[in-house]
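Engineer: My questions all concern the structure below.
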Amino acid sequence: MIGNTENSWGWLAKLFHWLMFVVIVGAYVAVNVQESFEKGSVEGDWWMMLHKSFGLTVFMLIWLRLGWRIGQRTVPENFSGYGMAKLASIGHALLYLLMIIVPLSALLMSQFAGRPVSWFGIFDVPVWVAENESLAEQLHELHGDFLAPVLFVLIILHILGGLWHHFVDRDDVLKRMLPFWRNREL
């Protein structure tokens, strides 16, 4: 089923969930591989283009994902207490916020550095602001030293939460988000 039901996430919600994960991991891998090459090398530039393309993909997908989520019912989660439910709610909100802010900070960094951002060599996001190297450097530090690491910590906590549900609480919260799992109660 494309849409969410009372007991299960629909395939489109699952697709958005896992696609975002793969693209974010792809951006992380690309920037880390890029760092192994000399600055300005063809290989290093290719990996950075890939990193930026993945980041731009996250920025485009998050809006589609949010639009879909707003128009769909959410599947109730199983929590042993109010505190866990509140933490999960805050964690999800922060994940969504950072999936907007992390790529936005990078896009603005490139803009203020006077560099267009290519999306897999298919099209470029042109520079539409005046160059400001000082602001570009501040955004670079914010993006790389704070925002991206916080996003990855939240992703790790999100994974650990799913594993907690599966192995400690022994409920079906993790299974319901797996791509090919079907809720047998439907």
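Letters A, B, ... go to the chains of the structure tokens in the order shown; residues in each chain start at 1; ligands are counted from 1 in the same order.
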So that I can see what lies close to segment 160-162 of chain A, please list as a JSON list (two decimals) with N, CA and C atoms, in the first residue's frame the residues with an atom at most 12 Å from it, counting only C-alpha atoms and leaving out residues fewer than 3 positions away in the same chain.
Structural biologist:
```json
[["chain", "number", "residue", "atom", "x", "y", "z"],
["A", 77, "GLU", "N", 3.59, 4.70, 17.71],
["A", 77, "GLU", "CA", 4.75, 3.93, 18.18],
["A", 77, "GLU", "C", 4.44, 3.30, 19.53],
["A", 78, "ASN", "N", 5.16, 2.26, 19.84],
["A", 78, "ASN", "CA", 5.01, 1.59, 21.14],
["A", 78, "ASN", "C", 6.11, 2.07, 22.06],
["A", 79, "PHE", "N", 5.75, 2.76, 23.13],
["A", 79, "PHE", "CA", 6.73, 3.23, 24.09],
["A", 79, "PHE", "C", 6.34, 2.79, 25.48],
["A", 84, "MET", "N", 10.19, 8.26, 27.03],
["A", 84, "MET", "CA", 10.73, 7.70, 25.79],
["A", 84, "MET", "C", 9.97, 8.27, 24.58],
["A", 85, "ALA", "N", 8.66, 8.39, 24.71],
["A", 85, "ALA", "CA", 7.87, 8.94, 23.61],
["A", 85, "ALA", "C", 8.29, 10.39, 23.32],
["A", 87, "LEU", "N", 11.25, 11.80, 24.02],
["A", 87, "LEU", "CA", 12.59, 11.78, 23.42],
["A", 87, "LEU", "C", 12.53, 11.42, 21.94],
["A", 88, "ALA", "N", 11.71, 10.43, 21.60],
["A", 88, "ALA", "CA", 11.58, 10.02, 20.20],
["A", 88, "ALA", "C", 11.00, 11.16, 19.37],
["A", 89, "SER", "N", 10.02, 11.84, 19.89],
["A", 89, "SER", "CA", 9.39, 12.96, 19.18],
["A", 89, "SER", "C", 10.39, 14.08, 18.93],
["A", 91, "GLY", "N", 13.68, 13.75, 18.95],
["A", 91, "GLY", "CA", 14.70, 13.22, 18.04],
["A", 91, "GLY", "C", 14.26, 13.27, 16.59],
["A", 92, "HIS", "N", 13.01, 12.89, 16.32],
["A", 92, "HIS", "CA", 12.50, 12.93, 14.95],
["A", 92, "HIS", "C", 12.43, 14.37, 14.43],
["A", 153, "VAL", "N", 25.18, 12.03, 14.83],
["A", 153, "VAL", "CA", 24.89, 11.55, 16.18],
["A", 153, "VAL", "C", 23.41, 11.20, 16.29],
["A", 154, "LEU", "N", 22.55, 12.06, 15.76],
["A", 154, "LEU", "CA", 21.11, 11.79, 15.80],
["A", 154, "LEU", "C", 20.74, 10.54, 15.00],
["A", 155, "ILE", "N", 21.41, 10.34, 13.87],
["A", 155, "ILE", "CA", 21.16, 9.14, 13.07],
["A", 155, "ILE", "C", 21.56, 7.89, 13.86],
["A", 156, "ILE", "N", 22.70, 7.95, 14.53],
["A", 156, "ILE", "CA", 23.16, 6.81, 15.35],
["A", 156, "ILE", "C", 22.15, 6.55, 16.48],
["A", 157, "LEU", "N", 21.70, 7.61, 17.14],
["A", 157, "LEU", "CA", 20.70, 7.45, 18.20],
["A", 157, "LEU", "C", 19.39, 6.87, 17.65],
["A", 165, "HIS", "N", 14.03, -1.05, 20.39],
["A", 165, "HIS", "CA", 12.66, -1.56, 20.22],
["A", 165, "HIS", "C", 12.68, -3.04, 19.85],
["A", 166, "HIS", "N", 13.59, -3.42, 18.95],
["A", 166, "HIS", "CA", 13.61, -4.78, 18.44],
["A", 166, "HIS", "C", 14.12, -5.79, 19.48],
["A", 167, "PHE", "N", 15.24, -5.45, 20.13],
["A", 167, "PHE", "CA", 15.90, -6.43, 21.00],
["A", 167, "PHE", "C", 15.52, -6.33, 22.47],
["A", 168, "VAL", "N", 15.16, -5.14, 22.94],
["A", 168, "VAL", "CA", 14.83, -4.97, 24.36],
["A", 168, "VAL", "C", 13.31, -4.99, 24.56],
["A", 169, "ASP", "N", 12.62, -4.09, 23.86],
["A", 169, "ASP", "CA", 11.16, -4.04, 24.00],
["A", 169, "ASP", "C", 10.48, -5.19, 23.26],
["A", 170, "ARG", "N", 11.17, -5.75, 22.28],
["A", 170, "ARG", "CA", 10.66, -6.87, 21.47],
["A", 170, "ARG", "C", 9.31, -6.55, 20.83],
["A", 171, "ASP", "N", 9.21, -5.33, 20.29],
["A", 171, "ASP", "CA", 8.00, -4.96, 19.57],
["A", 171, "ASP", "C", 8.31, -4.90, 18.07],
["A", 172, "ASP", "N", 7.36, -4.46, 17.27],
["A", 172, "ASP", "CA", 7.55, -4.47, 15.82],
["A", 172, "ASP", "C", 7.86, -3.10, 15.22],
["A", 173, "VAL", "N", 8.30, -2.15, 16.04],
["A", 173, "VAL", "CA", 8.58, -0.79, 15.55],
["A", 173, "VAL", "C", 9.64, -0.82, 14.46],
["A", 174, "LEU", "N", 10.72, -1.53, 14.65],
["A", 174, "LEU", "CA", 11.77, -1.62, 13.65],
["A", 174, "LEU", "C", 11.27, -2.36, 12.41],
["A", 175, "LYS", "N", 10.60, -3.46, 12.61],
["A", 175, "LYS", "CA", 10.11, -4.26, 11.48],
["A", 175, "LYS", "C", 9.17, -3.46, 10.59],
["A", 176, "ARG", "N", 8.35, -2.60, 11.19],
["A", 176, "ARG", "CA", 7.37, -1.85, 10.41],
["A", 176, "ARG", "C", 8.02, -0.87, 9.44],
["A", 177, "MET", "N", 9.29, -0.50, 9.67],
["A", 177, "MET", "CA", 9.96, 0.41, 8.76],
["A", 177, "MET", "C", 10.87, -0.33, 7.77],
["A", 178, "LEU", "N", 11.03, -1.63, 7.94],
["A", 178, "LEU", "CA", 11.84, -2.38, 6.99],
["A", 178, "LEU", "C", 11.14, -2.44, 5.63]]
```
Engineer: Would you kindly return, as a ChimeraX atom specification, each protein, DNA or RNA residue with an atom no farther than 10 Å from any atom of segment 124-126 of chain A, considering only C-alpha atoms and excluding same-chain residues fewer than 2 positions away?
Structural biologist: /A:53,56,107,110-111,114-122,128-129
Engineer: With DSSP run on the backbone, what are the helix (DSSP H, G or I) residues within chain A? I'd like them as a PyMOL selection string.
Structural biologist: chain A and resi 11-34+42-70+82-113+133-169+173-177
Engineer: Go ahead and save the picked residues with C-alpha atoms, as a compact mmCIF listing (two decimals), in the first residue's frame.
Structural biologist:
```txt
# COMPACT_ATOMS: atom_id res chain seq x y z
CA TRP A 11 5.83 1.86 0.91
CA LEU A 12 6.36 5.53 -0.02
CA ALA A 13 7.14 6.50 3.60
CA LYS A 14 9.55 3.55 3.78
CA LEU A 15 11.12 4.56 0.46
CA PHE A 16 11.67 8.14 1.69
CA HIS A 17 13.12 6.85 4.99
CA TRP A 18 15.65 4.48 3.44
CA LEU A 19 16.47 6.68 0.45
CA MET A 20 17.33 9.55 2.80
CA PHE A 21 19.55 7.21 4.82
CA VAL A 22 21.41 5.98 1.72
CA VAL A 23 21.86 9.49 0.30
CA ILE A 24 23.11 10.92 3.62
CA VAL A 25 25.58 8.04 4.01
CA GLY A 26 26.62 8.61 0.39
CA ALA A 27 27.35 12.28 1.14
CA TYR A 28 29.38 11.27 4.19
CA VAL A 29 31.39 8.66 2.27
CA ALA A 30 32.00 11.01 -0.67
CA VAL A 31 33.40 13.84 1.45
CA ASN A 32 35.61 11.46 3.41
CA VAL A 33 36.99 9.86 0.23
CA GLN A 34 37.50 13.34 -1.24
CA VAL A 42 40.39 15.85 -10.68
CA GLU A 43 39.56 12.90 -8.41
CA GLY A 44 39.07 15.09 -5.34
CA ASP A 45 36.87 17.50 -7.28
CA TRP A 46 34.77 14.57 -8.57
CA TRP A 47 34.18 13.25 -5.05
CA MET A 48 33.30 16.76 -3.82
CA MET A 49 30.82 17.13 -6.71
CA LEU A 50 29.33 13.80 -5.61
CA HIS A 51 29.17 15.00 -1.97
CA LYS A 52 27.41 18.22 -3.00
CA SER A 53 25.06 16.32 -5.32
CA PHE A 54 24.03 13.99 -2.52
CA GLY A 55 23.55 16.97 -0.22
CA LEU A 56 21.39 18.74 -2.79
CA THR A 57 19.41 15.51 -3.19
CA VAL A 58 18.77 15.42 0.56
CA PHE A 59 17.60 19.03 0.42
CA MET A 60 15.17 18.28 -2.43
CA LEU A 61 13.91 14.99 -0.98
CA ILE A 62 13.25 16.32 2.52
CA TRP A 63 10.58 18.68 1.18
CA LEU A 64 8.86 15.83 -0.67
CA ARG A 65 9.13 13.67 2.42
CA LEU A 66 7.69 16.37 4.67
CA GLY A 67 4.84 17.02 2.25
CA TRP A 68 4.00 13.34 2.18
CA ARG A 69 4.24 13.02 5.96
CA ILE A 70 1.95 16.00 6.56
CA TYR A 82 6.03 9.15 28.35
CA GLY A 83 9.73 10.03 28.62
CA MET A 84 10.73 7.70 25.79
CA ALA A 85 7.87 8.94 23.61
CA LYS A 86 8.92 12.56 24.21
CA LEU A 87 12.59 11.78 23.42
CA ALA A 88 11.58 10.02 20.20
CA SER A 89 9.39 12.96 19.18
CA ILE A 90 12.19 15.46 19.83
CA GLY A 91 14.70 13.22 18.04
CA HIS A 92 12.50 12.93 14.95
CA ALA A 93 11.89 16.69 14.86
CA LEU A 94 15.64 17.37 15.13
CA LEU A 95 16.39 14.85 12.37
CA TYR A 96 13.95 16.60 10.03
CA LEU A 97 15.31 20.02 10.98
CA LEU A 98 18.91 18.98 10.39
CA MET A 99 18.05 17.30 7.06
CA ILE A 100 17.03 20.82 6.01
CA ILE A 101 19.72 22.89 7.72
CA VAL A 102 22.80 20.75 6.93
CA PRO A 103 22.42 20.88 3.13
CA LEU A 104 21.13 24.45 3.27
CA SER A 105 24.26 25.55 5.15
CA ALA A 106 26.41 23.88 2.49
CA LEU A 107 24.46 25.43 -0.37
CA LEU A 108 24.79 28.87 1.22
CA MET A 109 28.49 28.24 1.85
CA SER A 110 29.03 27.55 -1.87
CA GLN A 111 26.90 30.54 -2.80
CA PHE A 112 28.89 32.95 -0.64
CA ALA A 113 32.14 31.41 -1.91
CA GLU A 133 34.43 34.74 1.75
CA SER A 134 34.21 35.48 5.47
CA LEU A 135 30.61 34.29 5.65
CA ALA A 136 31.44 31.30 3.43
CA GLU A 137 34.19 30.27 5.87
CA GLN A 138 31.88 30.64 8.88
CA LEU A 139 29.26 28.49 7.14
CA HIS A 140 31.97 25.94 6.28
CA GLU A 141 32.90 25.63 9.94
CA LEU A 142 29.25 25.50 11.05
CA HIS A 143 28.43 22.85 8.43
CA GLY A 144 31.47 20.61 8.90
CA ASP A 145 32.31 21.08 12.56
CA PHE A 146 28.85 21.25 14.12
CA LEU A 147 25.75 20.58 12.00
CA ALA A 148 26.87 17.47 10.08
CA PRO A 149 28.33 15.78 13.19
CA VAL A 150 25.12 16.49 15.15
CA LEU A 151 23.10 14.97 12.30
CA PHE A 152 25.22 11.83 12.41
CA VAL A 153 24.89 11.55 16.18
CA LEU A 154 21.11 11.79 15.80
CA ILE A 155 21.16 9.14 13.07
CA ILE A 156 23.16 6.81 15.35
CA LEU A 157 20.70 7.45 18.20
CA HIS A 158 17.81 6.78 15.81
CA ILE A 159 19.38 3.45 14.79
CA LEU A 160 20.00 2.55 18.43
CA GLY A 161 16.37 3.39 19.22
CA GLY A 162 15.18 1.02 16.51
CA LEU A 163 17.48 -1.71 17.81
CA TRP A 164 16.23 -1.06 21.37
CA HIS A 165 12.66 -1.56 20.22
CA HIS A 166 13.61 -4.78 18.44
CA PHE A 167 15.90 -6.43 21.00
CA VAL A 168 14.83 -4.97 24.36
CA ASP A 169 11.16 -4.04 24.00
CA VAL A 173 8.58 -0.79 15.55
CA LEU A 174 11.77 -1.62 13.65
CA LYS A 175 10.11 -4.26 11.48
CA ARG A 176 7.37 -1.85 10.41
CA MET A 177 9.96 0.41 8.76
```
Engineer: Please report as CSV every residue of segment 22-114 of chain A lying within 10 Å of segment 2-6 of chain A, along with the nearest atom pair and their distance in Å (one decimal), using only C-alpha atoms.
Structural biologist:
```
residue,atom,partner,partner_atom,distance
A:Trp68,CA,A:Gly3,CA,9.1
A:Arg69,CA,A:Asn4,CA,9.3
A:Gly71,CA,A:Gly3,CA,9.5
A:Gln72,CA,A:Asn4,CA,6.4
A:Arg73,CA,A:Asn4,CA,6.2
A:Thr74,CA,A:Asn4,CA,7.0
A:Val75,CA,A:Glu6,CA,5.7
A:Pro76,CA,A:Glu6,CA,7.5
```
Engineer: Per DSSP on the backbone, filter segment 42-182 of chain A down to the residues in strand (DSSP E or B) and report them as a PyMOL selection string.
Structural biologist: chain A and resi 117-119+123-125
Engineer: For the selection just defined, write its residues with C-alpha atoms to a file, as a compact mmCIF listing (two decimals), in the first residue's frame.
Structural biologist:
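Output file selection39.txt follows:
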```
# COMPACT_ATOMS: atom_id res chain seq x y z
CA VAL A 117 26.68 23.62 -7.04
CA SER A 118 26.40 20.87 -9.62
CA TRP A 119 23.79 18.14 -9.26
CA PHE A 123 22.49 20.99 -13.87
CA ASP A 124 24.08 23.66 -11.71
CA VAL A 125 22.50 25.75 -9.02
```
